[in-house]
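**Student:** data-v5.cif is reproduced below (mmCIF, C-alpha atoms and all ligand atoms).
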data_input
loop_
_atom_site.label_atom_id
_atom_site.label_comp_id
_atom_site.auth_asym_id
_atom_site.auth_seq_id
_atom_site.Cartn_x
_atom_site.Cartn_y
_atom_site.Cartn_z
CA MET A 713 156.11 -76.24 250.23
CA THR A 714 158.09 -73.97 248.01
CA GLU A 715 161.65 -75.15 247.44
CA LYS A 716 163.00 -72.89 244.77
CA VAL A 717 162.03 -69.38 243.73
CA VAL A 718 163.29 -67.61 240.61
CA LEU A 719 163.47 -63.86 241.26
CA ALA A 720 163.52 -61.23 238.51
CA TYR A 721 166.57 -59.37 239.81
CA SER A 722 167.60 -55.84 238.85
CA GLY A 723 170.50 -55.28 241.24
CA GLY A 724 168.67 -52.42 242.99
CA LEU A 725 167.60 -52.10 246.61
CA ASP A 726 164.18 -53.73 246.38
CA THR A 727 165.13 -56.91 244.57
CA SER A 728 168.42 -57.24 246.49
CA VAL A 729 166.50 -57.21 249.77
CA ALA A 730 163.85 -59.48 248.23
CA ILE A 731 166.40 -62.30 248.00
CA GLY A 732 166.75 -62.61 251.78
CA TRP A 733 163.16 -61.56 252.41
CA ILE A 734 161.72 -64.34 250.25
CA ALA A 735 164.18 -66.88 251.68
CA GLU A 736 163.02 -66.00 255.22
CA GLN A 737 159.34 -66.04 254.31
CA THR A 738 159.31 -69.28 252.35
CA GLY A 739 162.39 -71.19 253.47
CA ALA A 740 163.16 -71.65 249.78
CA GLU A 741 166.35 -71.22 247.79
CA VAL A 742 166.31 -68.05 245.73
CA ILE A 743 167.71 -68.06 242.22
CA ALA A 744 168.33 -64.53 240.94
CA LEU A 745 167.84 -63.84 237.25
CA ALA A 746 169.07 -60.56 235.78
CA VAL A 747 168.21 -59.76 232.17
CA ASP A 748 170.06 -57.11 230.20
CA VAL A 749 167.60 -55.34 227.89
CA GLY A 750 169.95 -52.41 227.38
CA GLN A 751 169.25 -50.60 230.65
CA GLY A 752 172.91 -49.59 230.94
CA GLY A 753 174.43 -48.92 234.33
CA GLU A 754 176.32 -51.72 236.03
CA ASP A 755 177.77 -54.66 234.15
CA LEU A 756 176.11 -58.03 234.46
CA GLU A 757 178.99 -59.59 236.41
CA THR A 758 178.71 -56.92 239.14
CA ILE A 759 174.99 -57.61 239.37
CA ARG A 760 175.56 -61.38 239.52
CA THR A 761 178.11 -61.02 242.30
CA ARG A 762 175.76 -58.78 244.29
CA ALA A 763 172.91 -61.30 243.99
CA LEU A 764 175.15 -63.99 245.48
CA ALA A 765 176.39 -61.59 248.19
CA CYS A 766 172.76 -60.87 249.08
CA GLY A 767 172.15 -64.56 249.68
CA ALA A 768 171.01 -65.97 246.33
CA ALA A 769 171.66 -69.72 246.01
CA ALA A 770 172.44 -69.14 242.35
CA ALA A 771 172.46 -66.20 239.98
CA GLU A 772 172.03 -66.14 236.22
CA VAL A 773 172.60 -63.14 233.98
CA VAL A 774 171.42 -62.96 230.38
CA ASP A 775 172.48 -60.49 227.72
CA ALA A 776 169.14 -60.29 225.91
CA ARG A 777 169.73 -57.01 224.07
CA ASP A 778 169.71 -58.46 220.56
CA GLU A 779 166.72 -60.63 221.34
CA PHE A 780 164.88 -57.65 222.82
CA ALA A 781 165.61 -55.44 219.83
CA ALA A 782 164.72 -58.05 217.22
CA ASP A 783 161.78 -59.86 218.81
CA TYR A 784 160.11 -57.14 220.89
CA CYS A 785 161.11 -53.68 219.61
CA MET A 786 160.81 -54.59 215.91
CA PRO A 787 157.24 -55.92 216.20
CA ALA A 788 156.37 -52.71 218.07
CA LEU A 789 157.86 -50.69 215.22
CA LEU A 790 155.89 -52.65 212.60
CA ALA A 791 152.79 -51.74 214.62
CA ASN A 792 153.93 -48.08 215.04
CA ALA A 793 153.03 -48.76 218.66
CA ARG A 794 152.32 -45.67 220.75
CA TYR A 795 149.93 -46.01 223.69
CA MET A 796 147.50 -43.08 223.92
CA GLU A 797 149.10 -41.95 220.66
CA ARG A 798 152.31 -41.06 222.49
CA TYR A 799 154.06 -43.67 224.64
CA PRO A 800 156.08 -46.19 222.58
CA LEU A 801 155.60 -49.03 225.11
CA VAL A 802 159.15 -48.97 226.42
CA SER A 803 158.62 -50.85 229.70
CA ALA A 804 155.67 -52.83 228.40
CA LEU A 805 157.94 -54.45 225.79
CA SER A 806 160.65 -55.68 228.14
CA ARG A 807 158.30 -57.50 230.54
CA PRO A 808 157.27 -60.32 228.18
CA LEU A 809 160.94 -60.95 227.39
CA ILE A 810 161.80 -61.14 231.09
CA VAL A 811 158.79 -63.42 231.56
CA ARG A 812 160.12 -65.77 228.89
CA HIS A 813 163.46 -66.05 230.67
CA LEU A 814 161.82 -66.45 234.09
CA ALA A 815 159.69 -69.28 232.74
CA ARG A 816 162.72 -70.90 231.12
CA VAL A 817 164.85 -70.76 234.30
CA ALA A 818 161.93 -72.03 236.41
CA LEU A 819 161.60 -74.99 234.07
CA GLU A 820 165.35 -75.68 233.96
CA THR A 821 165.79 -75.53 237.74
CA GLY A 822 162.49 -77.12 238.71
CA ALA A 823 161.44 -73.99 240.61
CA ASP A 824 157.78 -73.87 241.58
CA MET A 825 157.61 -70.14 242.25
CA VAL A 826 158.64 -66.94 240.54
CA ALA A 827 159.06 -63.52 242.20
CA HIS A 828 159.12 -59.94 241.00
CA GLY A 829 159.66 -56.59 242.69
CA CYS A 830 156.59 -54.73 241.42
CA THR A 831 154.18 -52.82 243.60
CA GLY A 832 150.44 -53.39 243.44
CA LYS A 833 149.77 -50.06 241.74
CA GLY A 834 151.38 -50.45 238.35
CA ASN A 835 151.06 -52.23 235.03
CA ASP A 836 154.22 -54.27 235.35
CA GLN A 837 152.78 -56.71 237.92
CA VAL A 838 150.03 -57.49 235.42
CA ARG A 839 152.51 -57.98 232.58
CA PHE A 840 154.64 -60.38 234.67
CA GLU A 841 151.77 -62.41 236.03
CA ALA A 842 149.54 -62.56 232.94
CA GLY A 843 152.63 -63.55 230.93
CA LEU A 844 153.67 -66.23 233.42
CA ALA A 845 150.14 -67.60 233.50
CA ALA A 846 150.44 -68.17 229.75
CA LEU A 847 154.00 -69.59 229.68
CA ALA A 848 154.32 -71.36 233.03
CA PRO A 849 150.81 -71.98 234.37
CA ASP A 850 151.97 -74.32 237.16
CA VAL A 851 154.42 -71.85 238.66
CA ARG A 852 153.10 -69.65 241.48
CA VAL A 853 154.04 -65.98 241.81
CA THR A 854 155.05 -63.88 244.79
CA ALA A 855 155.65 -60.13 244.88
CA PRO A 856 157.15 -59.16 248.27
CA VAL A 857 156.60 -55.42 247.88
CA ARG A 858 152.93 -55.98 247.13
CA ASP A 859 152.14 -59.23 248.98
CA SER A 860 154.25 -59.31 252.14
CA GLY A 861 154.70 -55.73 253.27
CA MET A 862 158.23 -55.13 252.01
CA THR A 863 157.96 -51.33 252.12
CA ARG A 864 160.90 -49.09 251.25
CA ASP A 865 161.62 -48.31 254.91
CA LYS A 866 161.55 -51.99 255.83
CA ALA A 867 163.79 -52.81 252.87
CA ILE A 868 166.37 -50.24 253.97
CA ALA A 869 166.25 -51.52 257.56
CA PHE A 870 166.59 -55.12 256.32
CA ALA A 871 169.60 -54.20 254.15
CA ALA A 872 171.30 -52.45 257.07
CA GLU A 873 170.55 -55.26 259.52
CA LYS A 874 171.96 -57.94 257.20
CA GLY A 875 174.82 -55.75 255.98
CA LEU A 876 173.82 -56.16 252.33
CA PRO A 877 176.23 -54.57 249.86
CA ILE A 878 173.79 -51.96 248.53
CA ASN A 879 174.24 -48.21 248.55
CA VAL A 880 170.88 -46.91 249.75
CA THR A 881 171.87 -43.24 249.93
CA SER A 882 172.66 -42.81 246.22
CA ARG A 883 169.07 -43.55 245.23
CA SER A 884 167.43 -41.30 242.66
CA PRO A 885 164.24 -39.47 243.69
CA TYR A 886 162.61 -40.99 240.60
CA SER A 887 161.40 -44.42 239.66
CA ILE A 888 163.25 -45.15 236.45
CA ASP A 889 163.00 -48.03 234.00
CA GLN A 890 165.36 -48.10 231.04
CA ASN A 891 165.98 -50.30 228.05
CA VAL A 892 167.12 -50.09 224.44
CA TRP A 893 163.73 -48.78 223.26
CA GLY A 894 163.63 -45.93 225.77
CA ARG A 895 163.45 -44.69 229.31
CA SER A 896 160.53 -44.18 231.72
CA CYS A 897 160.75 -41.79 234.65
CA GLU A 898 158.11 -41.14 237.29
CA THR A 899 157.51 -39.99 240.91
CA GLY A 900 159.31 -37.21 242.81
CA HIS A 901 158.31 -33.68 241.79
CA LEU A 902 156.61 -35.12 238.67
CA GLU A 903 153.69 -36.30 240.82
CA ASP A 904 152.43 -32.71 240.86
CA ILE A 905 151.31 -32.60 237.24
CA TRP A 906 151.64 -28.80 237.13
CA ASN A 907 155.38 -29.05 237.82
CA ALA A 908 157.61 -28.77 234.78
CA PRO A 909 160.15 -31.59 234.61
CA GLN A 910 163.49 -30.59 236.12
CA PRO A 911 166.51 -31.23 233.89
CA ASP A 912 167.70 -34.17 236.02
CA VAL A 913 164.78 -36.37 234.94
CA TYR A 914 166.35 -36.82 231.51
CA GLY A 915 168.92 -39.49 230.78
CA TYR A 916 168.70 -40.42 227.09
CA THR A 917 168.35 -36.96 225.53
CA SER A 918 170.09 -33.59 225.57
CA ASP A 919 168.26 -30.29 225.79
CA PRO A 920 166.46 -29.81 222.43
CA ALA A 921 167.11 -26.06 222.74
CA ALA A 922 170.88 -26.54 222.87
CA GLY A 923 171.14 -25.28 219.29
CA LEU A 924 172.96 -28.14 217.60
CA PRO A 925 173.27 -27.81 213.79
CA ALA A 926 170.74 -29.83 211.78
CA GLU A 927 171.75 -33.36 210.86
CA GLU A 928 170.47 -35.38 207.93
CA ILE A 929 170.06 -39.16 208.08
CA THR A 930 168.64 -41.84 205.79
CA ILE A 931 167.02 -45.00 207.09
CA SER A 932 166.44 -47.97 204.78
CA PHE A 933 163.67 -50.47 205.41
CA ALA A 934 162.95 -53.95 204.03
CA SER A 935 159.44 -55.32 204.60
CA GLY A 936 158.93 -52.80 207.37
CA LEU A 937 162.17 -53.53 209.24
CA PRO A 938 165.02 -51.00 209.37
CA VAL A 939 168.10 -52.54 207.79
CA ALA A 940 170.55 -49.71 207.07
CA LEU A 941 171.48 -46.29 208.41
CA ASN A 942 173.02 -43.88 205.90
CA GLY A 943 173.60 -46.87 203.62
CA GLN A 944 175.44 -48.91 206.29
CA PRO A 945 173.83 -52.23 207.29
CA ARG A 946 172.63 -52.36 210.89
CA THR A 947 171.16 -55.07 213.11
CA PRO A 948 168.01 -54.00 214.95
CA LEU A 949 170.03 -53.47 218.13
CA GLU A 950 172.71 -51.42 216.36
CA MET A 951 170.07 -49.37 214.58
CA ILE A 952 168.22 -48.46 217.77
CA THR A 953 171.41 -47.82 219.74
CA ASP A 954 172.89 -45.58 217.02
CA LEU A 955 169.67 -43.61 216.66
CA ASN A 956 169.34 -43.20 220.43
CA ARG A 957 172.73 -41.53 220.39
CA ILE A 958 172.26 -39.45 217.23
CA ALA A 959 168.66 -38.34 217.83
CA GLY A 960 169.16 -38.11 221.60
CA ALA A 961 171.80 -35.43 221.03
CA HIS A 962 169.12 -33.34 219.28
CA GLY A 963 166.68 -33.80 222.16
CA ILE A 964 164.29 -35.88 220.07
CA GLY A 965 161.76 -38.24 221.67
CA ARG A 966 160.91 -36.52 224.95
CA ILE A 967 157.34 -37.21 226.07
CA ASP A 968 155.64 -35.69 229.12
CA MET A 969 152.22 -37.24 229.63
CA VAL A 970 149.47 -38.29 232.00
CA GLU A 971 148.75 -41.90 231.26
CA ASP A 972 145.87 -44.31 231.92
CA ARG A 973 147.20 -47.33 233.74
CA LEU A 974 145.39 -50.65 233.46
CA VAL A 975 144.76 -50.62 237.23
CA GLY A 976 142.69 -47.45 236.87
CA ILE A 977 145.18 -44.85 238.08
CA LYS A 978 146.22 -41.86 235.97
CA SER A 979 149.95 -41.27 236.31
CA ARG A 980 152.46 -38.67 235.15
CA GLU A 981 155.30 -40.11 233.12
CA ILE A 982 158.32 -38.67 231.39
CA TYR A 983 159.53 -40.85 228.56
CA GLU A 984 162.55 -40.57 226.32
CA ALA A 985 162.70 -42.68 223.21
CA PRO A 986 164.87 -40.93 220.63
CA GLY A 987 165.64 -43.97 218.47
CA ALA A 988 162.13 -45.38 218.72
CA MET A 989 160.46 -42.09 217.79
CA VAL A 990 162.72 -41.53 214.78
CA LEU A 991 162.14 -45.09 213.61
CA ILE A 992 158.35 -44.84 214.03
CA THR A 993 158.30 -41.49 212.19
CA ALA A 994 160.32 -42.90 209.29
CA HIS A 995 158.48 -46.21 209.21
CA SER A 996 155.00 -44.74 209.15
CA GLU A 997 156.09 -42.29 206.46
CA LEU A 998 157.28 -45.15 204.27
CA GLU A 999 153.99 -46.93 204.89
CA SER A 1000 152.12 -43.93 203.57
CA VAL A 1001 154.03 -44.40 200.30
CA CYS A 1002 153.79 -48.20 200.03
CA VAL A 1003 150.58 -49.34 201.74
CA GLU A 1004 147.27 -49.29 199.89
CA ARG A 1005 144.64 -46.95 201.35
CA ASP A 1006 142.17 -49.45 202.81
CA LEU A 1007 144.93 -51.61 204.22
CA ALA A 1008 146.52 -48.51 205.78
CA ARG A 1009 143.23 -47.39 207.30
CA PHE A 1010 142.56 -50.80 208.78
CA LYS A 1011 146.13 -51.17 209.97
CA ARG A 1012 145.74 -48.05 212.09
CA LEU A 1013 142.86 -49.71 213.95
CA ALA A 1014 144.83 -52.94 214.33
CA GLU A 1015 147.85 -51.02 215.58
CA GLN A 1016 145.87 -49.34 218.30
CA ARG A 1017 144.46 -52.67 219.48
CA TRP A 1018 147.92 -54.31 219.33
CA THR A 1019 149.34 -51.48 221.41
CA GLU A 1020 146.60 -51.68 224.04
CA LEU A 1021 146.98 -55.45 224.34
CA VAL A 1022 150.73 -55.13 224.87
CA TYR A 1023 150.33 -52.22 227.28
CA ASP A 1024 147.77 -54.26 229.21
CA GLY A 1025 150.17 -57.19 229.59
CA LEU A 1026 148.60 -59.51 227.02
CA TRP A 1027 151.69 -60.07 224.84
CA PHE A 1028 151.03 -63.83 224.80
CA SER A 1029 147.32 -63.56 223.96
CA PRO A 1030 145.84 -65.11 220.81
CA LEU A 1031 144.53 -61.76 219.54
CA LYS A 1032 147.99 -60.22 219.82
CA GLN A 1033 149.46 -63.19 217.92
CA ALA A 1034 146.83 -62.95 215.20
CA LEU A 1035 147.40 -59.21 214.88
CA ASP A 1036 151.14 -59.90 214.50
CA ALA A 1037 150.32 -62.06 211.49
CA PHE A 1038 148.18 -59.27 210.02
CA VAL A 1039 150.87 -56.65 210.66
CA SER A 1040 153.57 -58.74 209.07
CA GLN A 1041 151.42 -59.38 205.96
CA ALA A 1042 150.65 -55.65 205.77
CA SER A 1043 154.38 -54.86 205.97
CA ARG A 1044 155.36 -56.99 202.96
CA HIS A 1045 155.90 -54.05 200.60
CA VAL A 1046 157.21 -51.51 203.10
CA THR A 1047 160.63 -51.34 201.51
CA GLY A 1048 162.64 -48.23 200.69
CA ASP A 1049 164.46 -45.23 202.11
CA ILE A 1050 163.36 -42.31 204.26
CA ARG A 1051 165.48 -39.19 204.68
CA LEU A 1052 165.03 -37.06 207.80
CA THR A 1053 166.44 -33.87 209.22
CA LEU A 1054 167.09 -33.91 212.96
CA GLN A 1055 167.13 -30.66 214.85
CA GLY A 1056 165.76 -28.96 217.95
CA GLY A 1057 163.83 -31.93 219.32
CA ARG A 1058 162.23 -32.79 215.97
CA ALA A 1059 162.75 -35.42 213.31
CA VAL A 1060 161.30 -34.13 210.06
CA VAL A 1061 160.92 -36.31 206.98
CA THR A 1062 162.29 -34.61 203.85
CA GLY A 1063 162.38 -37.44 201.31
CA ARG A 1064 161.07 -40.91 200.46
CA ARG A 1065 161.93 -43.44 197.77
CA SER A 1066 160.79 -46.99 197.28
CA PRO A 1067 160.83 -49.71 194.62
CA ALA A 1068 157.40 -50.70 195.99
CA ALA A 1069 155.87 -47.21 196.01
CA LEU A 1070 152.19 -46.82 195.17
CA TYR A 1071 152.84 -43.14 194.61
CA ASP A 1072 152.57 -42.67 190.86
CA TYR A 1073 154.04 -39.44 189.51
CA SER A 1074 151.97 -39.56 186.32
CA LEU A 1075 148.74 -39.83 188.33
CA ALA A 1076 149.71 -37.18 190.87
CA THR A 1077 151.31 -34.51 188.70
CA TYR A 1078 149.70 -31.21 187.76
CA ASP A 1079 152.39 -30.76 185.11
CA SER A 1080 152.47 -32.24 181.65
CA GLY A 1081 152.61 -36.04 181.55
CA ASP A 1082 149.38 -36.36 183.55
CA SER A 1083 147.78 -39.76 182.91
CA PHE A 1084 144.77 -39.25 185.20
CA ASP A 1085 141.49 -38.87 183.31
CA GLN A 1086 139.79 -35.97 185.11
CA GLN A 1087 136.50 -36.57 183.26
CA LEU A 1088 136.00 -39.79 185.27
CA ALA A 1089 135.88 -37.77 188.50
CA LYS A 1090 132.51 -36.19 187.66
CA GLY A 1091 130.49 -39.42 187.53
CA PHE A 1092 132.37 -40.86 190.45
CA ILE A 1093 131.41 -37.96 192.70
CA GLU A 1094 127.77 -38.12 191.61
CA LEU A 1095 127.44 -41.77 192.65
CA PHE A 1096 129.64 -41.39 195.71
CA GLY A 1097 127.45 -38.56 197.04
CA LEU A 1098 124.14 -40.16 196.01
CA PRO A 1099 123.10 -41.75 199.35
CA ALA A 1100 123.69 -38.47 201.23
CA LYS A 1101 121.85 -36.52 198.55
CA ILE A 1102 118.81 -38.81 198.64
CA SER A 1103 118.51 -38.73 202.40
CA ALA A 1104 118.95 -34.94 202.55
CA ASP A 1105 116.09 -34.65 199.99
CA ARG A 1106 113.97 -36.90 202.19
CA ASP A 1107 114.73 -34.83 205.33
CA ARG A 1108 113.74 -31.61 203.55
CA LYS A 1109 110.48 -33.17 202.31
CA LEU A 1110 109.49 -34.45 205.78
CA ALA A 1111 110.42 -31.15 207.43
CA GLY A 1112 108.46 -29.13 204.93
N1 LIG B 1 153.92 -46.47 233.07
C1 LIG B 1 154.83 -47.17 232.20
C2 LIG B 1 154.26 -48.49 231.82
O1 LIG B 1 153.41 -49.00 232.48
C3 LIG B 1 156.22 -47.26 232.74
C4 LIG B 1 156.41 -48.04 234.00
C5 LIG B 1 157.86 -48.15 234.25
N2 LIG B 1 158.24 -48.49 235.56
C6 LIG B 1 158.95 -47.66 236.36
N3 LIG B 1 159.38 -48.14 237.47
N4 LIG B 1 159.21 -46.44 236.04
O2 LIG B 1 154.65 -49.06 230.81
#
So that I can check it, write out the structure of this file as structure tokens.
**Tutor:**
Amino acid sequence: MTEKVVLAYSGGLDTSVAIGWIAEQTGAEVIALAVDVGQGGEDLETIRTRALACGAAAAEVVDARDEFAADYCMPALLANARYMERYPLVSALSRPLIVRHLARVALETGADMVAHGCTGKGNDQVRFEAGLAALAPDVRVTAPVRDSGMTRDKAIAFAAEKGLPINVTSRSPYSIDQNVWGRSCETGHLEDIWNAPQPDVYGYTSDPAAGLPAEEITISFASGLPVALNGQPRTPLEMITDLNRIAGAHGIGRIDMVEDRLVGIKSREIYEAPGAMVLITAHSELESVCVERDLARFKRLAEQRWTELVYDGLWFSPLKQALDAFVSQASRHVTGDIRLTLQGGRAVVTGRRSPAALYDYSLATYDSGDSFDQQLAKGFIELFGLPAKISADRDRKLAG
């Protein structure tokens, strides 16, 4: 018998209806948990009040924006994380944080079940449930939309029948998920992948063609983490928020892609991540100055694996943890400043400086002051090309 269920609550139609739906199905008390990861919109108190009005026995709201920025977005930045070389893991990063809080509240309240509002077609259900299996293995999971037929039509009928305080008519035609790191938008006309996105899909960025004058910014990093913007110290949350505003005005960070979901479906997604994309551009540029060649080459492989693990919902897996240790060791010397020009949807690096640079002017220069001994190159190339030369000789001999 289930007595208490902790529900990941957003304040929207589905999870508002889920409160009463789960209570009817299980006879349990429902505890609503709303987590602020910077999605904007309504304030937490409004959401808390609505949860109680929809029948929650208790409602907890958590402002987790700083935690999200520092403990989830920053590791993603260190890994330059972009799934399929494009998507900076916006939604995939918030799920493990929500999972942590769900597990905590379940433990604190003695709840034996956790609920989420995901469908059975997406990645988020996997992220919630694989995460919960790692952090709260004894807690069962229910997903009313997926498991007990809570379709949209039924949810609307349920809300009307119970007189729930939710405005069902003001719903967007899109499925949107927002947080500090970015914004995901899908469904509606986007499901025809030939359709160009209509302007109303965008929320974090202005039209890149609006013709704003170019803007120059400098981002300072210490051991891979951004610490100052134009010389002013910033927390991770402040840094991302400021850059979302500044780069968003230039239309930077729009991504229109067809993505491979873990469940096997290809889906069309429109992402906006102005701050994230500027930070990743600057961060990887600084790495190219400060990280030794072999380490940099290997890090690119590790980054891709890290990104796939996180996309696939395995934030709490041992490989992901071990890769975090590698990434943080590899980031030790990524310290310095990157200057960028923002304009017309693009962030272009124009300058780099670092006390830990491996760039050596005297080795690189073609002017006077060159310290590189060009005579050494000749012998190096001879030995470097030797295996290929020998086997090409062999191939010619056998062919002839
Ligand atoms: N496809 C993305 C992902 O799996 C975004 C999903 C966001 N959810 C949404 N309701 N739009 O990370």
**Student:** Counting only C-alpha atoms and all ligand atoms, what residues are within 9 Å of ligand LIG 1 (chain B), given as an mmCIF file with C-alpha atoms, in the coordinates of the input?
**Tutor:**
data_model
loop_
_atom_site.group_PDB
_atom_site.id
_atom_site.type_symbol
_atom_site.label_atom_id
_atom_site.label_comp_id
_atom_site.auth_asym_id
_atom_site.auth_seq_id
_atom_site.Cartn_x
_atom_site.Cartn_y
_atom_site.Cartn_z
ATOM 1 C CA TYR A 799 154.060 -43.670 224.640
ATOM 2 C CA PRO A 800 156.080 -46.190 222.580
ATOM 3 C CA LEU A 801 155.600 -49.030 225.110
ATOM 4 C CA VAL A 802 159.150 -48.970 226.420
ATOM 5 C CA SER A 803 158.620 -50.850 229.700
ATOM 6 C CA ALA A 804 155.670 -52.830 228.400
ATOM 7 C CA LEU A 805 157.940 -54.450 225.790
ATOM 8 C CA CYS A 830 156.590 -54.730 241.420
ATOM 9 C CA GLY A 834 151.380 -50.450 238.350
ATOM 10 C CA ASN A 835 151.060 -52.230 235.030
ATOM 11 C CA ASP A 836 154.220 -54.270 235.350
ATOM 12 C CA TYR A 886 162.610 -40.990 240.600
ATOM 13 C CA SER A 887 161.400 -44.420 239.660
ATOM 14 C CA ILE A 888 163.250 -45.150 236.450
ATOM 15 C CA ASP A 889 163.000 -48.030 234.000
ATOM 16 C CA GLN A 890 165.360 -48.100 231.040
ATOM 17 C CA ARG A 895 163.450 -44.690 229.310
ATOM 18 C CA SER A 896 160.530 -44.180 231.720
ATOM 19 C CA CYS A 897 160.750 -41.790 234.650
ATOM 20 C CA GLU A 898 158.110 -41.140 237.290
ATOM 21 C CA THR A 899 157.510 -39.990 240.910
ATOM 22 C CA GLU A 971 148.750 -41.900 231.260
ATOM 23 C CA ASP A 972 145.870 -44.310 231.920
ATOM 24 C CA ARG A 973 147.200 -47.330 233.740
ATOM 25 C CA LEU A 974 145.390 -50.650 233.460
ATOM 26 C CA SER A 979 149.950 -41.270 236.310
ATOM 27 C CA ARG A 980 152.460 -38.670 235.150
ATOM 28 C CA GLU A 981 155.300 -40.110 233.120
ATOM 29 C CA ILE A 982 158.320 -38.670 231.390
ATOM 30 C CA TYR A 983 159.530 -40.850 228.560
ATOM 31 C CA TYR A 1023 150.330 -52.220 227.280
ATOM 32 C CA ASP A 1024 147.770 -54.260 229.210
#
**Student:** Which residues are close to Arg957 of chain A, i.e. within 8 Å by only C-alpha atoms, leaving aside same-chain residues fewer than 5 positions away? Reply as an mmCIF file with C-alpha atoms, in the coordinates of the input.
**Tutor:**
data_model
loop_
_atom_site.group_PDB
_atom_site.id
_atom_site.type_symbol
_atom_site.label_atom_id
_atom_site.label_comp_id
_atom_site.auth_asym_id
_atom_site.auth_seq_id
_atom_site.Cartn_x
_atom_site.Cartn_y
_atom_site.Cartn_z
ATOM 1 C CA TYR A 916 168.700 -40.420 227.090
ATOM 2 C CA PRO A 986 164.870 -40.930 220.630
ATOM 3 C CA GLY A 987 165.640 -43.970 218.470
#
**Student:** May I have the residues within 6 Å of Gly963 of chain A as a ChimeraX atom specification, using only C-alpha atoms and disregarding those fewer than 2 positions away in the same chain?
**Tutor:** /A:917-920,960-961,1057
**Student:** Which residues, written as a PyMOL selection string, have at least one atom at most 9 Å from segment 862-874 of chain A, with all atoms listed in the file counted and residues fewer than 6 positions away on the same chain left out?
**Tutor:** chain A and resi 725-726+728-730+732-733+766+856+880
**Student:** Let's have the selection written as a PDB file, keeping the file's coordinate frame, with C-alpha atoms.
**Tutor:**
ATOM      1  CA  LEU A 725     167.600 -52.100 246.610  1.00  0.00           C
ATOM      2  CA  ASP A 726     164.180 -53.730 246.380  1.00  0.00           C
ATOM      3  CA  SER A 728     168.420 -57.240 246.490  1.00  0.00           C
ATOM      4  CA  VAL A 729     166.500 -57.210 249.770  1.00  0.00           C
ATOM      5  CA  ALA A 730     163.850 -59.480 248.230  1.00  0.00           C
ATOM      6  CA  GLY A 732     166.750 -62.610 251.780  1.00  0.00           C
ATOM      7  CA  TRP A 733     163.160 -61.560 252.410  1.00  0.00           C
ATOM      8  CA  CYS A 766     172.760 -60.870 249.080  1.00  0.00           C
ATOM      9  CA  PRO A 856     157.150 -59.160 248.270  1.00  0.00           C
ATOM     10  CA  VAL A 880     170.880 -46.910 249.750  1.00  0.00           C
TER      11      VAL A 880
END
**Student:** What does the structure give for the distance between atom CA of Asp1085 of chain A and atom CA of Cys1002 of chain A, in Å to one decimal?
**Tutor:**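 Separating atom CA of Asp1085 of chain A from atom CA of Cys1002 of chain A is a distance of 22.8 Å.
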**Student:** In the coordinate frame of the file, compute which residues have an atom within 10 Å of (170.6, -67.9, 242.2) when using all atoms listed in the file, and state them as a list in words.
**Tutor:**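 Output of the proximity query reads Lys716, Val717, Val718, Leu719, Tyr721, Ile731, Glu741, Val742, Ile743, Ala744, Leu745, Ala746, Arg760, Ala763, Leu764, Gly767, Ala768, Ala769, Ala770, Ala771, Glu772 and Val773 of chain A.
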**Student:** Counting all atoms listed in the file, figure out which residue out of A:Ile958, A:Leu814, A:Met796, A:Ala1068 gets nearest to Thr1019 of chain A.
**Tutor:**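 The closest residue to Thr1019 of chain A is A:Met796.
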**Student:** Would you list the residues near (162.6, -55.2, 220.8), meaning any protein, DNA or RNA residue with an atom at most 12 Å from that point in file coordinates, counting all atoms listed in the file, as a ChimeraX atom specification?
**Tutor:** /A:749-750,776-790,793,800-810,891-894,937,947-953,987-988
**Student:** So the first atom is atom CA of Trp1018 of chain A and the second is atom CA of Val975 of chain A; what is the distance between them in Å, to one decimal place?
**Tutor:**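 Separation between atom CA of Trp1018 of chain A and atom CA of Val975 of chain A: 18.5 Å.
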**Student:** Would you please work out which residue, of A:Ile967, A:Thr993, A:Ala791, A:Leu847, is nearest to Leu1035 of chain A when using all atoms listed in the file?
**Tutor:**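 Ranking A:Ile967, A:Thr993, A:Ala791, A:Leu847 by distance to Leu1035 of chain A, first place goes to A:Ala791.
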**Student:** What does the structure give for the distance between atom CA of Ile931 of chain A and atom CA of Met969 of chain A, in Å to one decimal?
**Tutor:**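 Computing the Euclidean distance for atom CA of Ile931 of chain A and atom CA of Met969 of chain A yields 28.1 Å.
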**Student:** Measuring atom to atom with all atoms listed in the file, identify which of A:Ala940, A:Ile929, A:Leu1021, A:Leu819 is nearest to Thr1062 of chain A.
**Tutor:** A:Ile929
**Student:** Counting all atoms listed in the file, figure out which residue out of A:Glu928, A:Glu841, A:Glu797, A:Glu1094 gets nearest to Arg1058 of chain A.
**Tutor:**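 Answer, going by the shortest atom-to-atom distance: A:Glu928.
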**Student:** Which one of A:Leu1088, A:Ile964, A:Val1022, A:Val851 sits closest to Ala815 of chain A if you count all atoms listed in the file?
**Tutor:**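 When distances to Ala815 of chain A are compared using all atoms listed in the file, the smallest one comes from A:Val851.
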